[in-house]
Amino acid sequence: MVCVMEFDSPLSTSASSDSTTLTFLVGHCFRVPTRSVVLSTCNASPSRWLHRGWTHGPTRMSALAASSSSVPSIPGDENVRTESRKKRIGSPIGIFFAILTYLYAVPFFLVMVLTHPFVLLLDPKRRRFHDGISIWWMKSIMITCLLFPKIRGLENLPPRNQACIFVPNHTSFLDIFVLGWIDRGKKFVSKAKNFRIPIVGTAMRFQGHISLEEGSRKAQIQCYKDIIQSLESGNNLTLFPEGTRSKDGRLKRFQSGAFKAAIQTSSPVVPITILGTREVYPSGALVPIRYPFKRMEAIIHPAIDPAGKTDREISQLAFDAINSALPDHLKVINNEASDSI
């Protein structure tokens, strides 16, 4: 059971050695100019209710002014961008998904509670049994909703006995569920407030996910130390290097924390491109807004060996790999991937 952190502002930290004097999960996002729009009231059709969900006020978009002509228009992207700004009550598939999420959490959590003393005794550092429970919680929800993501590139995964850092693009809360179909236990870094959510927060602590208290320099240093310790204990780690969800589907500038940790622990970095989740569950939606018209997909790229590379070089290689599998209209061209140090 996982909640992943998303940063709304730059975070930085430093420590005393050459490997720990760093900028952690830091930087300015790569921003793409968008069109200015105004929203006005209109009637909603039944098909809109079915596929896009009820809203607090059905709206239509009319162009107010176009921004720079150098920014290409993305087919269908304006609808997704506009809808993501609305506050939704939900759609039938979305409400069903939300109900299942909490309904299935209860029995899986009870199993986790009952087995936790034995997990701490037999596998205190990796807690692989709890990872398996989390994976099957997510898979059970997806299967019940008839959602079967396609996973490509499984042959690119490092050996099971080698800890690695997964670095996916991030456009939707559903990204976490798609990653659950990659049959490897993994730990996430999450905002401290998520650990205070009933049931979910306790399950996250049981699994060994890493907490970060935003706005605290001391907490940021401790978070980085926890990341290093988790990797050295043999755990796989998942970090979204953009730091937050992309609203338009394009990659944002990468933050450097994951790549510095890879160098310090000699852990390979595995880039992953996730496709099709933003259209189903865009940023800003309370629940999924439609059933996917196209199968969701995760593409696992070849692992990047950090040996002999700087964090900027690893970041650029990961950025290029993820970007290469995005649709042409979402690819970022001539972008420097990582933040300045």
# chains A, B, ... in the order shown; residues from 1 in each chain; ligands from 1
>>> closest_atom_pairs(of="segment 273-297 of chain A", to="segment 127-151 of chain A", cutoff="9 Å", atoms="only C-alpha atoms", output="tab-separated table")
residue	atom	partner	partner_atom	distance
A:Tyr291	CA	A:Leu147	CA	8.7
A:Pro292	CA	A:Leu147	CA	8.3
A:Arg295	CA	A:Pro149	CA	6.2
A:Met296	CA	A:Pro149	CA	4.8
A:Glu297	CA	A:Lys150	CA	4.6
>>> residues_around(residues="Ile210 of chain A", least_positions_apart="4", cutoff="7 Å", atoms="only C-alpha atoms", output="PyMOL selection string")
chain A and resi 188-190+223+226
>>> residues_around(residues="Glu279 of chain A", least_positions_apart="4", cutoff="9 Å", atoms="only C-alpha atoms", output="compact mmCIF listing (two decimals) with N, CA, C and O atoms, in the first residue's frame")
# COMPACT_ATOMS: atom_id res chain seq x y z
N VAL A 80 -7.61 17.20 -21.91
CA VAL A 80 -7.10 16.59 -20.69
C VAL A 80 -6.62 17.65 -19.72
O VAL A 80 -6.90 17.61 -18.53
N SER A 172 0.38 10.40 -13.18
CA SER A 172 -0.89 9.98 -12.60
C SER A 172 -0.67 9.16 -11.33
O SER A 172 0.37 8.51 -11.17
N PRO A 288 -10.29 8.03 -10.86
CA PRO A 288 -10.20 7.89 -12.32
C PRO A 288 -11.44 8.44 -13.00
O PRO A 288 -12.56 8.29 -12.51
N ILE A 289 -11.26 9.07 -14.16
CA ILE A 289 -12.38 9.75 -14.82
C ILE A 289 -12.94 8.96 -16.00
O ILE A 289 -13.99 9.32 -16.53
N ARG A 290 -12.29 7.91 -16.41
CA ARG A 290 -12.81 7.12 -17.53
C ARG A 290 -12.09 5.77 -17.57
O ARG A 290 -11.03 5.59 -16.97
N PRO A 292 -9.83 3.20 -19.62
CA PRO A 292 -8.83 3.48 -20.65
C PRO A 292 -9.26 3.00 -22.02
O PRO A 292 -9.69 1.87 -22.19
N PHE A 293 -9.17 3.91 -23.00
CA PHE A 293 -9.47 3.53 -24.38
C PHE A 293 -8.32 2.71 -24.97
O PHE A 293 -8.50 1.99 -25.94
>>> closest_atom_pairs(of="segment 171-282 of chain A", to="segment 304-328 of chain A", cutoff="7 Å", atoms="only C-alpha atoms", output="JSON lines")
{"residue": "A:Phe254", "atom": "CA", "partner": "A:Ser315", "partner_atom": "CA", "distance": 6.9}
{"residue": "A:Ser256", "atom": "CA", "partner": "A:Asp311", "partner_atom": "CA", "distance": 6.7}
{"residue": "A:Phe259", "atom": "CA", "partner": "A:Asp311", "partner_atom": "CA", "distance": 5.0}
{"residue": "A:Lys260", "atom": "CA", "partner": "A:Asp311", "partner_atom": "CA", "distance": 5.5}
{"residue": "A:Ala262", "atom": "CA", "partner": "A:Pro306", "partner_atom": "CA", "distance": 6.5}
{"residue": "A:Ile263", "atom": "CA", "partner": "A:Pro306", "partner_atom": "CA", "distance": 5.5}
{"residue": "A:Ser266", "atom": "CA", "partner": "A:Pro306", "partner_atom": "CA", "distance": 6.2}
{"residue": "A:Ser267", "atom": "CA", "partner": "A:Pro306", "partner_atom": "CA", "distance": 7.0}
{"residue": "A:Pro268", "atom": "CA", "partner": "A:Asp305", "partner_atom": "CA", "distance": 4.9}
{"residue": "A:Val269", "atom": "CA", "partner": "A:Ile304", "partner_atom": "CA", "distance": 5.0}
{"residue": "A:Val270", "atom": "CA", "partner": "A:Ile304", "partner_atom": "CA", "distance": 6.3}
{"residue": "A:Pro271", "atom": "CA", "partner": "A:Ala318", "partner_atom": "CA", "distance": 5.4}
{"residue": "A:Ile272", "atom": "CA", "partner": "A:Ile322", "partner_atom": "CA", "distance": 6.0}
{"residue": "A:Thr273", "atom": "CA", "partner": "A:Ile322", "partner_atom": "CA", "distance": 5.0}
